[in-house]
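What follows is entry_3.cif (mmCIF, C-alpha atoms).
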```
data_start
#
loop_
_atom_site.label_atom_id
_atom_site.label_comp_id
_atom_site.auth_asym_id
_atom_site.auth_seq_id
_atom_site.Cartn_x
_atom_site.Cartn_y
_atom_site.Cartn_z
CA MET A 1 91.63 125.46 -59.31
CA LYS A 2 92.16 126.12 -55.65
CA ARG A 3 90.94 123.68 -53.10
CA PRO A 4 91.05 123.49 -49.29
CA ILE A 5 92.88 120.19 -49.59
CA ARG A 6 95.88 121.72 -51.33
CA LYS A 7 96.31 124.19 -48.52
CA LEU A 8 96.07 121.35 -46.00
CA ILE A 9 98.67 119.34 -47.89
CA CYS A 10 101.11 122.25 -47.71
CA ILE A 11 100.55 122.46 -43.96
CA ALA A 12 101.03 118.71 -43.72
CA ALA A 13 104.39 118.84 -45.44
CA ALA A 14 105.59 121.51 -43.02
CA VAL A 15 104.51 119.99 -39.73
CA ILE A 16 104.22 116.27 -40.26
CA MET A 17 107.75 115.58 -39.03
CA THR A 18 106.71 116.78 -35.59
CA ILE A 19 103.84 114.36 -35.08
CA SER A 20 103.38 110.62 -34.92
CA SER A 21 103.20 108.94 -38.30
CA SER A 22 100.33 106.74 -37.11
CA ALA A 23 97.36 107.35 -39.40
CA CYS A 24 94.70 106.89 -36.72
CA GLY A 25 95.89 108.98 -33.80
CA ALA A 26 96.50 107.71 -30.27
CA SER A 27 96.32 103.96 -29.82
CA LYS A 28 94.57 102.10 -27.04
CA ILE A 29 96.22 98.87 -28.11
CA ASP A 30 99.91 98.67 -28.82
CA PRO A 31 99.98 98.98 -32.64
CA ALA A 32 102.81 98.16 -34.98
CA GLU A 33 104.85 101.17 -36.08
CA PRO A 34 104.68 102.29 -39.73
CA GLU A 35 107.52 101.02 -41.86
CA THR A 36 109.16 102.68 -44.83
CA ASN A 37 110.85 99.59 -46.28
CA THR A 38 109.07 99.03 -49.57
CA THR A 39 110.39 95.52 -50.10
CA SER A 40 107.42 94.08 -48.24
CA ALA A 41 103.79 95.05 -48.59
CA THR A 42 103.06 94.17 -44.97
CA GLU A 43 105.67 96.70 -43.85
CA ALA A 44 104.11 99.64 -45.64
CA VAL A 45 101.66 101.15 -43.14
CA THR A 46 99.96 100.14 -39.89
CA GLU A 47 97.47 102.43 -38.19
CA ALA A 48 96.67 102.76 -34.51
CA VAL A 49 93.62 100.76 -33.41
CA THR A 50 91.18 100.80 -30.55
CA GLU A 51 89.96 97.95 -28.38
CA ALA A 52 86.51 96.82 -29.42
CA PRO A 53 83.37 95.60 -27.62
CA GLU A 54 82.95 91.87 -27.16
CA GLU A 55 80.73 90.79 -30.00
CA GLN A 56 81.52 88.52 -32.89
CA PRO A 57 80.52 89.17 -36.50
CA THR A 58 77.95 87.11 -38.33
CA GLY A 59 80.05 86.04 -41.07
CA ALA A 60 78.47 88.75 -50.52
CA GLU A 61 77.35 90.81 -79.30
CA THR A 62 76.83 92.94 -81.54
CA ALA A 63 76.56 96.62 -80.84
CA VAL A 64 72.98 97.75 -80.24
CA THR A 65 71.45 101.17 -80.23
CA LYS A 66 72.30 103.08 -77.08
CA LYS A 67 69.27 103.54 -74.89
CA LYS A 68 69.18 105.39 -71.60
CA THR A 69 67.16 104.12 -68.65
CA LYS A 70 64.87 107.12 -68.20
CA LYS A 71 61.78 105.06 -69.00
CA LYS A 72 62.90 102.37 -66.58
CA LYS A 73 63.44 104.95 -63.86
CA ALA A 74 59.91 106.20 -64.34
CA ALA A 75 58.49 102.67 -64.23
CA LYS A 76 60.30 101.52 -61.07
CA LYS A 77 61.87 104.68 -59.83
CA GLU A 78 61.62 103.88 -56.13
CA ASN A 79 63.75 100.71 -56.34
CA TYR A 80 66.20 101.87 -58.99
CA ASN A 81 69.87 101.40 -58.12
CA GLN A 82 71.74 104.41 -59.48
CA LEU A 83 75.09 102.66 -59.03
CA THR A 84 74.28 99.57 -61.12
CA GLY A 85 71.29 100.47 -63.31
CA LEU A 86 69.39 97.53 -61.82
CA TYR A 87 66.15 97.52 -59.81
CA ASP A 88 67.37 95.79 -56.69
CA VAL A 89 67.21 98.41 -53.93
CA SER A 90 65.09 97.21 -51.01
CA ASN A 91 61.92 99.05 -50.00
CA GLU A 92 63.66 100.09 -46.77
CA GLY A 93 66.65 101.47 -48.65
CA LYS A 94 64.91 103.26 -51.48
CA GLY A 95 65.67 106.95 -51.53
CA LYS A 96 68.41 106.61 -48.93
CA ARG A 97 72.02 107.70 -49.31
CA PRO A 98 74.70 105.20 -50.32
CA CYS A 99 77.45 104.27 -47.88
CA ALA A 100 81.16 104.16 -48.70
CA VAL A 101 83.34 101.90 -46.55
CA MET A 102 87.15 101.98 -46.33
CA VAL A 103 88.61 98.49 -46.64
CA ASN A 104 92.08 97.15 -45.93
CA ASN A 105 93.75 95.61 -48.98
CA ILE A 106 97.16 94.67 -47.60
CA GLU A 107 97.95 91.04 -48.30
CA ALA A 108 98.24 90.18 -44.62
CA ALA A 109 94.55 91.09 -44.21
CA LEU A 110 93.21 88.95 -47.06
CA PRO A 111 90.67 87.63 -47.67
CA GLN A 112 88.25 90.44 -46.89
CA TYR A 113 84.53 89.90 -46.59
CA GLY A 114 81.48 91.95 -47.51
CA ILE A 115 83.15 93.45 -50.56
CA TYR A 116 81.61 91.10 -53.12
CA ASP A 117 78.27 92.83 -52.50
CA ALA A 118 79.59 96.33 -53.17
CA ASP A 119 77.96 98.06 -56.14
CA VAL A 120 81.12 100.07 -56.84
CA LEU A 121 84.63 99.25 -55.67
CA PHE A 122 87.43 101.83 -55.77
CA GLU A 123 91.10 100.88 -55.65
CA ILE A 124 93.81 103.53 -55.22
CA VAL A 125 97.40 103.36 -54.07
CA ALA A 126 98.12 104.29 -50.47
CA GLU A 127 101.34 104.47 -48.46
CA GLY A 128 104.31 102.35 -49.43
CA GLY A 129 102.82 101.26 -52.76
CA ILE A 130 100.01 99.19 -51.25
CA THR A 131 96.42 99.82 -52.29
CA ARG A 132 93.30 100.45 -50.26
CA LEU A 133 89.70 99.85 -51.30
CA MET A 134 86.49 101.81 -50.90
CA ALA A 135 83.34 99.71 -51.19
CA VAL A 136 80.23 101.70 -52.09
CA TYR A 137 76.78 100.26 -51.33
CA SER A 138 73.70 101.85 -52.85
CA ASP A 139 71.24 100.18 -50.46
CA GLU A 140 71.77 101.60 -46.98
CA ALA A 141 69.43 98.96 -45.56
CA ASP A 142 71.28 96.00 -47.08
CA ILE A 143 74.95 96.42 -46.22
CA PRO A 144 76.71 93.20 -45.15
CA ASN A 145 79.32 92.94 -42.43
CA VAL A 146 82.54 94.29 -43.96
CA CYS A 147 86.09 93.37 -42.91
CA SER A 148 88.67 94.63 -42.49
CA VAL A 149 87.82 98.30 -42.13
CA ARG A 150 90.66 100.82 -42.21
CA SER A 151 91.34 104.52 -41.92
CA ALA A 152 90.30 107.44 -44.10
CA ARG A 153 92.27 108.98 -46.93
CA PHE A 154 91.26 112.38 -48.28
CA TYR A 155 90.96 111.39 -51.93
CA TYR A 156 88.59 108.56 -51.06
CA MET A 157 86.49 111.00 -49.04
CA LEU A 158 86.17 113.29 -52.04
CA PHE A 159 85.24 110.45 -54.37
CA ALA A 160 82.63 109.29 -51.83
CA GLN A 161 80.98 112.72 -52.02
CA CYS A 162 80.31 112.14 -55.72
CA PHE A 163 77.74 109.56 -54.63
CA ASP A 164 76.33 111.67 -51.77
CA ALA A 165 77.54 108.79 -49.61
CA VAL A 166 77.96 108.55 -45.85
CA TYR A 167 81.65 107.78 -45.33
CA LEU A 168 82.52 104.91 -42.96
CA HIS A 169 86.07 104.33 -41.71
CA TRP A 170 88.18 103.34 -38.70
CA GLY A 171 90.60 106.18 -37.97
CA SER A 172 92.06 109.01 -40.04
CA ASP A 173 95.28 110.89 -40.48
CA PRO A 174 95.38 114.04 -38.27
CA ILE A 175 96.95 116.39 -40.81
CA ILE A 176 94.63 116.22 -43.81
CA CYS A 177 91.54 114.08 -43.16
CA ARG A 178 90.50 115.32 -39.73
CA PRO A 179 90.43 119.02 -40.70
CA MET A 180 88.59 118.13 -43.91
CA PHE A 181 85.77 116.40 -42.04
CA THR A 182 85.07 119.70 -40.32
CA ASP A 183 85.98 122.15 -43.06
CA LEU A 184 83.93 120.36 -45.72
CA SER A 185 81.16 119.12 -43.35
CA ILE A 186 81.55 115.53 -44.53
CA ASP A 187 79.10 113.08 -42.99
CA HIS A 188 81.14 110.19 -41.63
CA ILE A 189 81.24 107.59 -38.84
CA ASP A 190 84.65 106.76 -37.37
CA GLY A 191 85.33 103.48 -35.60
CA MET A 192 87.84 105.26 -33.37
CA SER A 193 85.05 107.25 -31.71
CA ASN A 194 81.98 105.12 -32.41
CA GLY A 195 82.07 101.50 -31.33
CA ASP A 196 78.38 100.82 -31.86
CA ILE A 197 78.71 99.65 -35.45
CA TYR A 198 82.36 98.53 -35.39
CA ASP A 199 83.91 95.54 -33.68
CA ARG A 200 86.72 93.00 -33.87
CA ASP A 201 86.39 89.68 -35.63
CA TYR A 202 87.69 87.50 -32.83
CA ASP A 203 88.12 84.48 -35.04
CA ARG A 204 90.49 86.44 -37.30
CA MET A 205 92.35 87.68 -34.23
CA SER A 206 93.55 84.12 -33.65
CA TYR A 207 95.65 84.20 -36.81
CA MET A 208 95.92 87.87 -37.90
CA ASP A 209 97.40 91.03 -36.42
CA ILE A 210 94.71 93.03 -34.66
CA GLU A 211 94.81 95.94 -37.11
CA HIS A 212 93.46 93.58 -39.80
CA THR A 213 90.44 92.42 -37.78
CA GLY A 214 88.18 95.49 -37.48
CA TYR A 215 84.81 95.05 -39.12
CA LEU A 216 81.68 97.06 -39.82
CA LYS A 217 78.33 95.75 -38.58
CA GLY A 218 76.58 96.41 -41.86
CA PRO A 219 73.01 95.55 -40.82
CA GLN A 220 73.19 98.14 -38.02
CA VAL A 221 74.43 101.04 -40.16
CA MET A 222 71.03 102.38 -41.19
CA ASP A 223 69.79 102.66 -37.60
CA GLU A 224 73.05 104.26 -36.47
CA ILE A 225 72.91 106.90 -39.20
CA SER A 226 69.42 107.76 -38.00
CA ALA A 227 70.46 107.79 -34.33
CA LEU A 228 73.34 110.17 -35.06
CA GLY A 229 71.06 112.58 -36.87
CA ILE A 230 72.93 112.22 -40.17
CA ARG A 231 70.83 113.00 -43.23
CA GLN A 232 69.51 109.74 -44.64
CA GLU A 233 67.59 110.84 -47.73
CA ILE A 234 69.63 111.34 -50.85
CA LYS A 235 69.90 115.04 -51.61
CA ASP A 236 67.37 116.70 -53.87
CA GLY A 237 68.40 116.83 -57.49
CA TYR A 238 71.10 114.19 -57.13
CA GLU A 239 71.83 112.35 -60.36
CA SER A 240 74.06 109.33 -60.65
CA ILE A 241 77.49 109.74 -62.17
CA PHE A 242 76.69 106.65 -64.26
CA SER A 243 74.62 106.32 -67.41
CA PHE A 244 73.61 102.83 -68.54
CA TYR A 245 72.71 101.05 -71.74
CA ASP A 246 69.22 99.60 -71.77
CA GLU A 247 70.55 96.33 -73.20
CA PHE A 248 73.89 94.60 -72.89
CA THR A 249 76.17 96.27 -75.44
CA LYS A 250 79.60 95.73 -76.90
CA PRO A 251 80.88 99.26 -77.45
CA ALA A 252 83.22 100.19 -80.27
CA GLY A 253 86.82 99.55 -79.28
CA ASP A 254 89.62 97.04 -79.26
CA ASP A 255 89.12 93.52 -77.96
CA CYS A 256 90.31 93.22 -74.37
CA THR A 257 89.76 90.08 -72.34
CA LYS A 258 92.79 90.45 -70.06
CA ALA A 259 94.14 93.57 -68.37
CA THR A 260 96.47 94.46 -65.51
CA VAL A 261 96.65 97.68 -63.51
CA TYR A 262 100.04 98.24 -61.85
CA PHE A 263 99.73 100.41 -58.75
CA SER A 264 103.35 99.83 -57.75
CA ASP A 265 106.15 97.33 -58.35
CA TRP A 266 104.50 94.81 -56.01
CA TYR A 267 100.79 95.70 -56.01
CA PHE A 268 98.73 95.05 -59.12
CA SER A 269 95.22 93.98 -60.07
CA GLN A 270 94.49 91.64 -62.96
CA PHE A 271 91.17 91.12 -64.72
CA ASP A 272 90.07 88.19 -66.87
CA TYR A 273 86.90 88.51 -68.92
CA ASN A 274 84.41 85.65 -68.61
CA LYS A 275 82.16 85.43 -71.67
CA LYS A 276 79.60 83.31 -69.85
CA THR A 277 79.03 85.72 -66.95
CA LYS A 278 79.95 88.82 -69.02
CA THR A 279 82.06 90.00 -66.11
CA TYR A 280 85.72 90.62 -65.39
CA LYS A 281 87.08 88.35 -62.67
CA LYS A 282 89.56 90.13 -60.40
CA LEU A 283 92.93 88.85 -59.20
CA HIS A 284 95.01 90.51 -56.50
CA ASN A 285 98.78 90.22 -57.04
CA GLY A 286 98.28 87.12 -59.16
CA SER A 287 95.80 85.28 -56.92
CA LYS A 288 92.02 85.20 -57.14
CA HIS A 289 90.59 88.10 -55.15
CA MET A 290 88.05 86.35 -52.95
CA ASP A 291 85.31 87.32 -50.53
CA GLN A 292 85.77 85.15 -47.44
CA VAL A 293 82.10 84.85 -46.49
CA LYS A 294 80.62 84.58 -49.98
CA ASN A 295 83.53 82.39 -51.11
CA LYS A 296 83.31 84.09 -54.48
CA GLN A 297 85.88 85.79 -56.66
CA LEU A 298 85.27 89.50 -57.12
CA GLU A 299 83.74 90.26 -60.52
CA PHE A 300 82.62 93.40 -62.31
CA THR A 301 80.62 94.21 -65.41
CA ASN A 302 82.53 97.45 -65.94
CA LEU A 303 86.11 98.47 -65.28
CA VAL A 304 86.76 102.21 -65.22
CA ILE A 305 90.43 103.20 -65.08
CA LEU A 306 91.08 106.85 -64.21
CA GLU A 307 94.59 108.05 -64.99
CA VAL A 308 96.43 110.80 -63.14
CA PRO A 309 99.73 112.37 -64.24
CA GLU A 310 101.53 111.81 -60.96
CA ILE A 311 101.01 110.41 -57.48
CA LYS A 312 103.08 112.32 -54.95
CA VAL A 313 104.20 111.45 -51.43
CA VAL A 314 103.31 114.26 -49.03
CA SER A 315 106.35 113.56 -46.84
CA GLU A 316 108.96 110.86 -46.50
CA LYS A 317 107.90 110.26 -42.90
CA SER A 318 104.14 109.83 -43.32
CA LYS A 319 104.15 108.32 -46.84
CA ILE A 320 100.65 109.76 -47.31
CA VAL A 321 100.08 110.33 -51.02
CA SER A 322 98.29 112.98 -53.03
CA PHE A 323 97.34 113.47 -56.68
CA ASP A 324 95.51 115.95 -58.88
CA MET A 325 91.79 115.15 -58.89
CA ASP A 326 90.79 117.61 -61.62
CA GLY A 327 90.51 114.86 -64.22
CA GLY A 328 92.25 113.48 -67.27
CA SER A 329 92.19 110.44 -69.53
CA GLY A 330 91.24 106.87 -68.78
CA TYR A 331 89.71 103.67 -70.10
CA LEU A 332 86.46 101.75 -69.97
CA LEU A 333 86.55 97.97 -70.19
CA THR A 334 83.21 96.24 -70.67
CA ALA A 335 81.87 93.30 -72.69
CA GLY A 336 85.40 92.25 -73.62
CA LYS A 337 86.15 95.63 -75.22
CA ILE A 338 88.32 98.59 -74.22
CA LYS A 339 87.88 102.22 -75.18
CA PRO A 340 89.60 105.47 -74.16
CA ILE A 341 87.54 107.90 -72.07
CA LYS A 342 87.81 111.24 -70.30
CA TRP A 343 87.03 112.11 -66.69
CA ALA A 344 86.69 115.31 -64.71
CA LYS A 345 85.87 116.39 -61.18
CA ASP A 346 85.08 120.04 -60.47
CA GLY A 347 86.14 120.84 -56.92
CA ASP A 348 85.93 118.95 -53.64
CA PHE A 349 82.19 118.31 -53.91
CA GLY A 350 82.10 118.36 -57.68
CA LYS A 351 80.47 115.56 -59.61
CA LEU A 352 82.68 112.91 -61.15
CA GLU A 353 81.98 113.14 -64.87
CA LEU A 354 82.76 110.26 -67.20
CA THR A 355 82.64 110.94 -70.93
CA ASN A 356 83.69 109.52 -74.24
CA GLU A 357 86.69 111.14 -75.89
CA ASP A 358 84.38 113.47 -77.85
CA GLY A 359 82.78 114.71 -74.63
CA SER A 360 79.51 112.79 -74.97
CA THR A 361 78.09 110.89 -72.01
CA LEU A 362 79.75 107.55 -71.33
CA ASP A 363 77.39 104.58 -71.10
CA LEU A 364 78.07 101.48 -69.01
CA ASN A 365 76.47 98.07 -69.00
CA THR A 366 74.20 97.44 -66.04
CA GLY A 367 76.00 95.77 -63.15
CA LYS A 368 78.82 96.35 -60.73
CA THR A 369 81.72 98.68 -61.51
CA TYR A 370 85.36 98.71 -60.48
CA ILE A 371 87.11 102.10 -60.49
CA GLY A 372 90.89 102.11 -60.35
CA VAL A 373 92.84 105.36 -60.03
CA THR A 374 96.42 105.00 -61.16
CA LYS A 375 99.34 106.79 -62.74
CA ALA A 376 99.07 107.18 -66.50
CA GLY A 377 100.67 104.36 -68.45
CA THR A 378 100.29 101.65 -65.80
CA LEU A 379 97.41 99.80 -67.47
CA ARG A 380 98.57 96.85 -69.56
CA TYR A 381 96.34 94.84 -71.88
#
```

Here is a file; write its structure as structure tokens.
Amino acid sequence: MKRPIRKLICIAAAVIMTISSSACGASKIDPAEPETNTTSATEAVTEAVTEAPEEQPTGAETAVTKKKTKKKKAAKKENYNQLTGLYDVSNEGKGKRPCAVMVNNIEAALPQYGIYDADVLFEIVAEGGITRLMAVYSDEADIPNVCSVRSARFYYMLFAQCFDAVYLHWGSDPIICRPMFTDLSIDHIDGMSNGDIYDRDYDRMSYMDIEHTGYLKGPQVMDEISALGIRQEIKDGYESIFSFYDEFTKPAGDDCTKATVYFSDWYFSQFDYNKKTKTYKKLHNGSKHMDQVKNKQLEFTNLVILEVPEIKVVSEKSKIVSFDMDGGSGYLLTAGKIKPIKWAKDGDFGKLELTNEDGSTLDLNTGKTYIGVTKAGTLRY
């Protein structure tokens, strides 16, 4: 199918050699230049940054009959969390749109903070083989401070729209993302032009490069969305992309208590299933993936791996990548089991559909979900 993004990518390939390869536009602080040497993750990409206001952060088994949560939704509809299947949305946040925050995942910026509290966490490869994260929070009124915040990538923007989310980022590439914000009328707040809810973590600046220190003032996001006149109420008729079991369920499938997703030769995510917590503990490149403030290892009830046939580099200069978002095969890991699935996305604003191989609705266990998008054949278990 034809999409505006494909046309933009063609334009990008033709003109990108004539512009700066910085992904955030003009810099007000002398940023490091992007590197193309793939022998080091820290040399992959560095965006331009802007000087921030002076404020510090305040620094997250037996199979049972499948039952949907329609009755639960009717009983406690106003506090239902469509991203987890739980009933934990605050009274202030009920009925409000989720927020999707771009998060740096380069090793030099670890550990992050605020990401343990995300209801859904996306991980997709970016330039130079590194990955970037998108943390999605269902409760607009209960977002923590999040660090470090990074620039937009078009495929993350389009996944964010599946949740009717407000997209939060610090910078964007001028060839693809900036035109898309206008052409697709995507609601977003950019730290390059809005310093009210973004700042620098000055403690981290004492031992990290400045581009790894930008953070989102989570508790101020709801008021800022209102002040900017961005729609706050979730759109009429919106239905979650997730369907949940009513009780914890081990689906049919092979046993799988350990799995690794290889995004590149030097960036990979490992998951170890913990029978006590019924969650998969995440490791980043072989080390526990921790939240600095919560001092907890990231953990997820569900792992959803979406496979794509190929991930292409738009140009050798920019290293910005692209891939077909129409859909394909994948896997669900939950309750120590793994099963093949299908996924599809119909157009830029199309819903992300997750199904079993036979096309029936895919059910998840209630709780947090990790979604990794990777080239087919890079999941090992």

Distance in Å - CA of Asn302 in chain A versus CA of Ser148 in chain A: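 Computing the Euclidean distance for CA of Asn302 in chain A and CA of Ser148 in chain A yields 24.4 Å.
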
Picked residues, the PyMOL selection byres ((chain A and resi 132) around 10), as a list in words: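 Residues picked by the PyMOL selection byres ((chain A and resi 132) around 10): Met102, Val103, Asn104, Asn105, Ile106, Phe122, Glu123, Ile124, Val125, Ala126, Glu127, Gly129, Ile130, Thr131, Leu133, Met134, Arg150, Ser151, Ala152, Arg153 and Tyr156 of chain A.
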
Contact residues around Ser240 in chain A with all atoms listed in the file at 8 Å, ignoring same-chain residues under 2 positions, as a list in words: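 Once the adjacent positions are removed, what remains is Gln82, Leu83, Phe163, Tyr238, Phe242 and Ser243 of chain A.
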
Selection result of the PyMOL selection byres ((chain A and resi 234) around 10) on this file, as a PyMOL selection string: chain A and resi 94-98+163-165+231-233+235-239

Polymer residues at most 7 Å from Asp139 in chain A, only C-alpha atoms, same-chain spacing of 3 or more positions, as an MDAnalysis selection string: chainID A and resid 89:90 93 98 142:143

Nearest-residue call for Asp272 in chain A, choices A:Ala259, A:Ile175, A:Leu303, A:Val166, using all atoms listed in the file: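 Ranked by minimum distance to Asp272 in chain A, first place goes to A:Ala259.
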
One-decimal distance in Å that lies between CA of Pro144 in chain A and CA of Gly114 in chain A: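 Here the two named atoms are 5.5 Å from each other.
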
Distance in Å - CA of Asp246 in chain A versus CA of Lys77 in chain A: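 Separating CA of Asp246 in chain A from CA of Lys77 in chain A is a distance of 14.9 Å.
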
Who sits within 9 Å of range 308-310 of chain A, only C-alpha atoms, same chain under 4 positions skipped, as a list in words: Ser322, Phe323, Asp324, Met325, Asp326, Gly327, Gly328, Ser329, Gly330, Val373, Thr374, Lys375 and Ala376 of chain A

Test item: the PyMOL selection byres ((chain A and resi 190) around 7) resolved as a ChimeraX atom specification: /A:168-171,188-189,191-194

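Using all atoms listed in the file, the smallest distance between any of A:Ile320, A:Ala252, A:Leu86, A:Ile225 and Cys177 in chain A comes from A:Ile320.
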
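Checking A:Ala335, A:Ile305, A:Leu364, A:Val314 one by one against Lys278 in chain A, counting all atoms listed in the file, you find the shortest gap at A:Ala335.
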
Closest of A:Phe159, A:Tyr167, A:Tyr273, A:Tyr113 to Asp346 in chain A - atom-to-atom distances counting only C-alpha atoms: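 So, comparing all the options, the nearest one is A:Phe159.
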
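Proximity ranking of A:Glu299, A:Tyr137, A:Pro251, A:Ile371 relative to Pro340 in chain A places A:Pro251 first, based on only C-alpha atoms.
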
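With distances restricted to only C-alpha atoms, A:Gly128 is the closest residue to Val313 in chain A from A:Gly286, A:Gly128, A:Met222, A:Lys296.
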
Radius query 6 Å about (83.6, 85.5, -45.5), atoms used: only C-alpha atoms, as a PyMOL selection string: chain A and resi 59+113+291-294
